[in-house]
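Data block for data-v9.cif (mmCIF, C-alpha atoms):
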```cif
data_target
#
loop_
_atom_site.label_atom_id
_atom_site.label_comp_id
_atom_site.auth_asym_id
_atom_site.auth_seq_id
_atom_site.Cartn_x
_atom_site.Cartn_y
_atom_site.Cartn_z
CA MET K 129 237.35 228.73 264.57
CA PHE K 130 238.28 225.12 263.83
CA ASN K 131 236.21 225.15 260.63
CA ILE K 132 235.99 228.75 259.44
CA VAL K 133 239.48 229.14 257.95
CA PRO K 134 239.54 225.68 256.30
CA ALA K 135 236.16 226.48 254.73
CA PHE K 136 237.74 229.37 252.82
CA ILE K 137 241.01 227.67 251.87
CA ALA K 138 239.77 224.15 251.10
CA ILE K 139 239.91 224.53 247.31
CA ARG K 140 243.36 226.13 247.46
CA VAL K 141 244.60 223.30 249.66
CA GLY K 142 243.18 220.82 247.15
CA ARG K 143 245.10 222.51 244.35
CA LEU K 144 248.22 222.41 246.50
CA VAL K 145 247.76 218.67 247.01
CA ASP K 146 247.75 218.29 243.21
CA ARG K 147 251.17 219.96 242.93
CA VAL K 148 253.00 219.02 246.15
CA PRO K 149 254.13 215.44 246.96
CA LEU K 150 251.58 213.70 249.16
CA ARG K 151 254.17 212.76 251.77
CA ARG K 152 255.26 216.37 252.24
CA MET K 153 251.67 217.59 252.52
CA LEU K 154 250.88 215.00 255.20
CA VAL K 155 254.00 215.83 257.23
CA VAL K 156 253.27 219.56 257.07
CA GLY K 157 249.63 219.02 258.07
CA CYS K 158 250.65 216.96 261.10
CA ALA K 159 253.24 219.57 262.09
CA ILE K 160 250.66 222.37 261.90
CA SER K 161 248.19 220.39 264.01
CA ALA K 162 250.85 219.62 266.61
CA SER K 163 251.87 223.28 266.84
CA GLY K 164 248.26 224.34 267.42
CA ALA K 165 247.83 221.85 270.25
CA LEU K 166 251.16 222.88 271.82
CA LEU K 167 250.04 226.51 271.72
CA ALA K 168 246.98 225.61 273.81
CA ALA K 169 249.20 223.63 276.17
CA VAL K 170 251.20 226.76 276.96
CA GLN K 171 248.23 228.84 278.09
CA PRO K 172 244.62 227.63 277.57
CA MET K 173 242.95 231.08 277.61
CA LEU K 174 239.93 231.86 275.43
CA GLY K 175 241.84 233.84 272.79
CA ILE K 176 244.67 231.30 272.70
CA LEU K 177 242.18 228.44 272.43
CA ALA K 178 240.48 230.15 269.47
CA LEU K 179 243.83 230.61 267.72
CA SER K 180 244.79 227.04 268.57
CA ALA K 181 241.54 225.72 267.10
CA CYS K 182 242.17 227.71 263.92
CA ILE K 183 245.71 226.33 263.53
CA VAL K 184 244.66 222.74 264.23
CA GLY K 185 241.80 223.14 261.74
CA VAL K 186 244.19 224.23 258.99
CA GLY K 187 246.48 221.29 259.75
CA TRP K 188 243.53 218.92 259.71
CA MET K 189 242.41 220.30 256.35
CA ALA K 190 245.83 219.55 254.86
CA ILE K 191 245.86 216.03 256.32
CA ALA K 192 242.30 215.29 255.19
CA ALA K 193 242.83 216.52 251.63
CA ALA K 194 246.11 214.65 251.14
CA SER K 195 245.05 211.43 252.88
CA GLN K 196 241.69 211.18 251.10
CA TYR K 197 243.37 211.81 247.76
CA ALA K 198 245.92 209.09 248.55
CA VAL K 199 243.19 206.62 249.50
CA GLY K 200 241.30 207.46 246.32
CA LEU K 201 244.40 206.58 244.32
CA LEU K 202 244.41 203.09 245.84
CA GLY K 203 241.29 202.25 243.82
CA ARG K 204 242.58 203.83 240.63
CA SER K 205 242.06 201.78 237.48
CA ASP K 206 242.62 202.68 233.85
CA GLY K 207 239.49 200.79 232.91
CA GLY K 208 237.31 202.18 235.67
CA ASP K 209 235.87 198.74 236.32
CA GLU K 210 233.58 197.76 239.18
CA SER K 211 236.34 195.98 241.13
CA ALA K 212 238.32 199.22 241.31
CA SER K 213 235.23 201.06 242.54
CA ASN K 214 234.66 198.45 245.26
CA LEU K 215 238.32 198.66 246.27
CA ARG K 216 238.00 202.42 246.57
CA VAL K 217 234.92 202.10 248.78
CA ARG K 218 236.71 199.60 251.03
CA ALA K 219 239.79 201.80 251.21
CA PHE K 220 237.75 204.81 252.30
CA GLY K 221 235.93 202.57 254.78
CA VAL K 222 239.22 201.54 256.37
CA MET K 223 240.37 205.17 256.59
CA ALA K 224 237.02 206.16 258.13
CA MET K 225 237.49 203.43 260.73
CA GLY K 226 240.83 205.03 261.59
CA PHE K 227 239.06 208.36 262.11
CA SER K 228 236.59 206.59 264.39
CA LEU K 229 239.42 205.12 266.47
CA SER K 230 240.84 208.61 266.98
CA ALA K 231 237.38 209.87 267.92
CA PHE K 232 237.23 207.06 270.48
CA PHE K 233 240.64 207.48 272.10
CA GLY K 234 240.82 211.29 271.87
CA PRO K 235 237.99 212.11 274.30
CA LEU K 236 239.07 209.31 276.65
CA ILE K 237 242.66 210.54 276.80
CA ALA K 238 241.60 214.17 277.15
CA GLY K 239 239.00 213.49 279.85
CA PHE K 240 241.31 211.27 281.89
CA MET K 241 244.20 213.73 281.77
CA ILE K 242 241.99 216.74 282.58
CA ASP K 243 240.70 214.98 285.69
CA HIS K 244 244.03 213.59 286.85
CA THR K 245 246.54 216.20 285.67
CA SER K 246 245.56 219.46 283.91
CA PHE K 247 244.21 220.98 280.71
CA GLN K 248 247.76 221.91 279.70
CA ALA K 249 248.90 218.31 280.07
CA ALA K 250 245.94 217.08 278.03
CA PHE K 251 246.77 219.42 275.14
CA GLY K 252 250.44 218.49 275.38
CA ALA K 253 249.72 214.76 275.27
CA LEU K 254 247.40 215.12 272.29
CA ALA K 255 250.03 217.21 270.48
CA VAL K 256 252.41 214.24 270.62
CA LEU K 257 250.12 212.11 268.44
CA PRO K 258 250.41 214.18 265.21
CA VAL K 259 254.17 214.36 265.81
CA ILE K 260 254.28 210.54 265.77
CA ALA K 261 252.16 210.56 262.62
CA ALA K 262 254.52 213.07 260.97
CA LEU K 263 257.50 210.82 261.71
CA ALA K 264 255.65 207.86 260.19
CA PHE K 265 254.74 209.80 257.05
CA ALA K 266 258.31 211.10 256.68
CA ASN K 267 259.83 207.61 256.78
CA ARG K 268 259.50 205.91 253.39
CA LYS K 269 260.27 202.50 254.89
CA TRP K 270 257.45 202.73 257.42
CA LEU K 271 254.79 203.95 255.06
CA ARG K 272 254.41 203.63 251.31
CA LEU K 273 252.11 206.05 249.55
CA PRO K 274 250.54 205.67 246.10
CA THR K 275 252.00 207.68 243.23
CA ALA K 276 249.96 210.79 242.53
CA VAL K 277 248.60 211.50 239.08
CA ALA K 278 250.44 214.28 237.24
CA ARG K 279 248.36 217.45 237.17
CA PRO K 280 248.66 220.56 235.00
CA ALA K 281 250.36 223.50 236.69
CA ALA K 282 247.66 225.95 235.57
CA THR K 283 245.09 226.92 238.17
CA THR K 284 241.56 226.28 236.93
CA GLY K 285 238.11 225.85 238.38
CA GLY K 286 236.64 227.03 241.63
CA ALA K 287 233.68 226.73 243.97
CA ARG K 288 231.13 227.72 241.31
CA GLU K 289 232.45 225.10 238.92
CA LEU K 290 232.19 222.42 241.59
CA LEU K 291 228.66 223.46 242.56
CA SER K 292 227.59 223.24 238.92
CA ILE K 293 228.11 219.46 239.11
CA ALA K 294 224.80 218.08 240.35
CA ALA K 295 226.22 215.06 242.21
CA VAL K 296 228.80 217.20 244.01
CA ARG K 297 226.27 219.93 244.82
CA ASN K 298 223.72 217.48 246.23
CA THR K 299 226.38 215.73 248.30
CA LEU K 300 227.67 219.03 249.71
CA VAL K 301 224.18 220.21 250.64
CA SER K 302 223.36 216.90 252.34
CA ALA K 303 226.72 216.81 254.10
CA SER K 304 226.19 220.36 255.37
CA PHE K 305 222.97 219.42 257.16
CA ILE K 306 224.54 216.25 258.56
CA THR K 307 227.60 218.13 259.79
CA VAL K 308 225.42 220.65 261.61
CA GLY K 309 223.82 217.83 263.57
CA TRP K 310 227.16 216.12 264.18
CA ASP K 311 228.83 219.31 265.44
CA LEU K 312 225.83 220.24 267.59
CA TYR K 313 226.17 216.87 269.30
CA GLY K 314 229.89 217.44 269.86
CA PHE K 315 229.14 220.88 271.30
CA VAL K 316 226.13 220.11 273.48
CA ILE K 317 227.35 216.89 275.14
CA PRO K 318 230.24 218.58 277.05
CA VAL K 319 228.00 221.54 277.97
CA LEU K 320 225.21 219.28 279.23
CA GLY K 321 227.73 217.03 280.97
CA SER K 322 229.18 219.98 282.88
CA GLU K 323 225.68 221.18 283.79
CA ILE K 324 224.79 217.83 285.39
CA SER K 325 228.20 217.64 287.10
CA LEU K 326 229.77 214.85 285.06
CA THR K 327 233.54 214.59 285.26
CA ALA K 328 235.70 215.16 282.19
CA THR K 329 236.36 211.42 282.06
CA GLN K 330 232.63 210.66 282.05
CA ILE K 331 231.98 213.22 279.32
CA GLY K 332 234.83 211.77 277.28
CA SER K 333 233.40 208.28 277.76
CA VAL K 334 230.00 209.33 276.40
CA MET K 335 231.62 210.86 273.33
CA SER K 336 233.75 207.73 272.89
CA VAL K 337 230.62 205.55 272.84
CA PHE K 338 229.42 207.69 269.94
CA ALA K 339 232.72 206.93 268.18
CA VAL K 340 232.24 203.19 268.77
CA ALA K 341 228.89 203.34 266.96
CA VAL K 342 230.48 205.25 264.08
CA PHE K 343 233.26 202.65 263.92
CA LEU K 344 230.79 199.77 263.66
CA VAL K 345 228.84 201.48 260.90
CA ARG K 346 232.00 202.23 258.93
CA PHE K 347 233.12 198.62 259.35
CA PHE K 348 230.03 197.46 257.44
CA VAL K 349 229.68 200.42 255.04
CA ALA K 350 231.29 198.63 252.08
CA ARG K 351 228.93 195.66 252.42
CA LEU K 352 225.94 197.94 252.83
CA THR K 353 226.76 199.98 249.73
CA ASP K 354 227.41 196.81 247.71
CA ARG K 355 224.00 195.42 248.65
CA PHE K 356 221.75 198.49 248.74
CA GLY K 357 223.60 201.17 246.75
CA GLU K 358 225.15 204.43 247.93
CA SER K 359 222.03 206.59 247.58
CA ASN K 360 219.79 204.16 249.48
CA VAL K 361 222.33 203.85 252.29
CA MET K 362 222.68 207.65 252.61
CA VAL K 363 218.94 208.28 252.61
CA SER K 364 218.28 205.50 255.13
CA ALA K 365 221.07 206.69 257.41
CA MET K 366 219.76 210.27 257.41
CA ALA K 367 216.21 209.06 258.10
CA ILE K 368 217.32 206.92 261.06
CA ALA K 369 219.44 209.75 262.48
CA GLY K 370 216.58 212.23 262.11
CA VAL K 371 214.05 209.96 263.82
CA THR K 372 216.50 209.27 266.66
#
```

Can the structure in the file be given as structure tokens, please?
Amino acid sequence: MFNIVPAFIAIRVGRLVDRVPLRRMLVVGCAISASGALLAAVQPMLGILALSACIVGVGWMAIAAASQYAVGLLGRSDGGDESASNLRVRAFGVMAMGFSLSAFFGPLIAGFMIDHTSFQAAFGALAVLPVIAALAFANRKWLRLPTAVARPAATTGGARELLSIAAVRNTLVSASFITVGWDLYGFVIPVLGSEISLTATQIGSVMSVFAVAVFLVRFFVARLTDRFGESNVMVSAMAIAGVT
């Protein structure tokens, strides 16, 4: 439920990002995510949890599309020189490190609060974080965002047009296989942890260690791509993950 709705609206959200100010899109995305978490905090039943996951997924899609577009603009250059490309890689690396930090603290906070308070309290505490982010995005003094490129109002293109681009198609296919493995890990670890009687805190700690590894890799990703090239890094990373 977290991924199914965003999968069908991703292109529309991308078009919306082209037309709506980035700041507004980020604030709305954070607000949607917070509302989904608060819904689960009220009553964590199966149906409510499914709806909550759907809402949080839509909010995350809006945040991801707007934030990644904003980071891409940081490396914008009229000449398209190599320095701008390197800056863009570094900018995405820094943002990815931020995602890793959230993947580290999220399971720890959730596991600790589940063990020492309740599921409702865990959802409520996690809902506060996107609210803080929304306040930061809304305040122009706290956070400056790059100016978006003017886009035509007409709606053009679609999934077929994107898939006709070989580089995009190959990246999407590769990313799909990788995401399956990533999500299977995220699904199986809590199930296995419960089966062998680990506490929620212990399960969260295991998942946080995974995030630490991701953080370290993303810290060095710019240097790796500069030295070995993007394709070589991707192929090597997939080979190592598969062997492991």

- request: Please evaluate the PyMOL selection byres ((chain K and resi 310-320) around 12) against the structure above and give the resulting residues as a VMD selection string.
  value: chain K and resid 130 to 131 231 235 239 303 to 309 321 to 336 338 to 339 342 366 369 to 370

field: K:Ala162, K:Ala266, K:Met241, K:Arg346 ranked by distance to Ser228 of chain K, top pick (using all atoms listed in the file)
entry: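 With all atoms listed in the file as the atom set, the closest residue is K:Arg346.
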
message: My list of candidates is K:Ser364, K:Gln171, K:Ser195, K:Ser161. Which is closest to Pro149 of chain K when distances are computed with all atoms listed in the file?
response: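 Closest residue, counting all atoms listed in the file: K:Ser195.
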
message: Between K:Leu236, K:Thr245, K:Val349, K:Arg288, which residue has the minimum interatomic distance to Ala365 of chain K, considering only C-alpha atoms?
response: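 When distances to Ala365 of chain K are compared using only C-alpha atoms, the smallest one comes from K:Val349.
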
For atom CA of Ala169 of chain K and atom CA of Ala249 of chain K, the interatomic separation in Å (one decimal):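 The value is 6.6 Å.
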
- line: Of K:Ala238, K:Leu144, K:Val222, K:Ala250, the one nearest to Ala350 of chain K when counting all atoms listed in the file is K:Val222

message: Using all atoms listed in the file, which protein or nucleic acid residues come within 8 Å of Phe251 of chain K? Drop anything in the same chain fewer than 4 positions from it, and give the result as a list of chain:residue names.
response: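 The filter keeps K:Ala165, K:Leu166, K:Ala168, K:Ala169, K:Ala238, K:Phe247, K:Ala255.
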
Take every atom of segment 290-305 of chain K listed in the file, fit an axis-aligned box around them, add 6 Å per side, and give the centre and edge lengths in Å to one decimal as JSON.
```
{"center_x": 227.6, "center_y": 219.3, "center_z": 248.0, "size_x": 21.2, "size_y": 20.4, "size_z": 30.2}
```

field: Nearest candidate to Leu202 of chain K (options K:Gly234, K:Thr353, K:Ala224, K:Arg272; using only C-alpha atoms)
entry: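 Once distances to Leu202 of chain K are computed over only C-alpha atoms, the minimum belongs to K:Arg272.
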
- prompt: Which is closer to Leu263 of chain K than all the others in K:Arg355, K:Arg140, K:Arg151, K:Arg297, using all atoms listed in the file?
  reply: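 Of K:Arg355, K:Arg140, K:Arg151, K:Arg297, the one nearest Leu263 of chain K is K:Arg151, counting all atoms listed in the file.
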
- prompt: So how far away is atom CA of Ala190 of chain K from atom CA of Val259 of chain K, in Å?
  reply: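 The value is 14.7 Å.
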
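As for atom CA of Tyr197 of chain K and atom CA of Val184 of chain K, they are spaced 19.8 Å apart.
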
query: If you count only C-alpha atoms, which residues fall within 8 Å of Pro134 of chain K, apart from same-chain ones fewer than 2 positions away, as a PyMOL selection string?
result: chain K and resi 130-132+136-138+185-186+189

For the residues in that selection, give me C-alpha atoms as a short mmCIF file (atom, residue, chain, number, x, y, z; two decimals), in the coordinates of the input.
```cif
data_model
loop_
_atom_site.label_atom_id
_atom_site.label_comp_id
_atom_site.auth_asym_id
_atom_site.auth_seq_id
_atom_site.Cartn_x
_atom_site.Cartn_y
_atom_site.Cartn_z
CA PHE K 130 238.28 225.12 263.83
CA ASN K 131 236.21 225.15 260.63
CA ILE K 132 235.99 228.75 259.44
CA PHE K 136 237.74 229.37 252.82
CA ILE K 137 241.01 227.67 251.87
CA ALA K 138 239.77 224.15 251.10
CA GLY K 185 241.80 223.14 261.74
CA VAL K 186 244.19 224.23 258.99
CA MET K 189 242.41 220.30 256.35
#
```

query: Taking (248.7, 224.5, 261.0) in the file's coordinates, which residues come within 7 Å, counting all atoms listed in the file, written as a PyMOL selection string?
result: chain K and resi 157+159-161+163-164+183-184+186-187
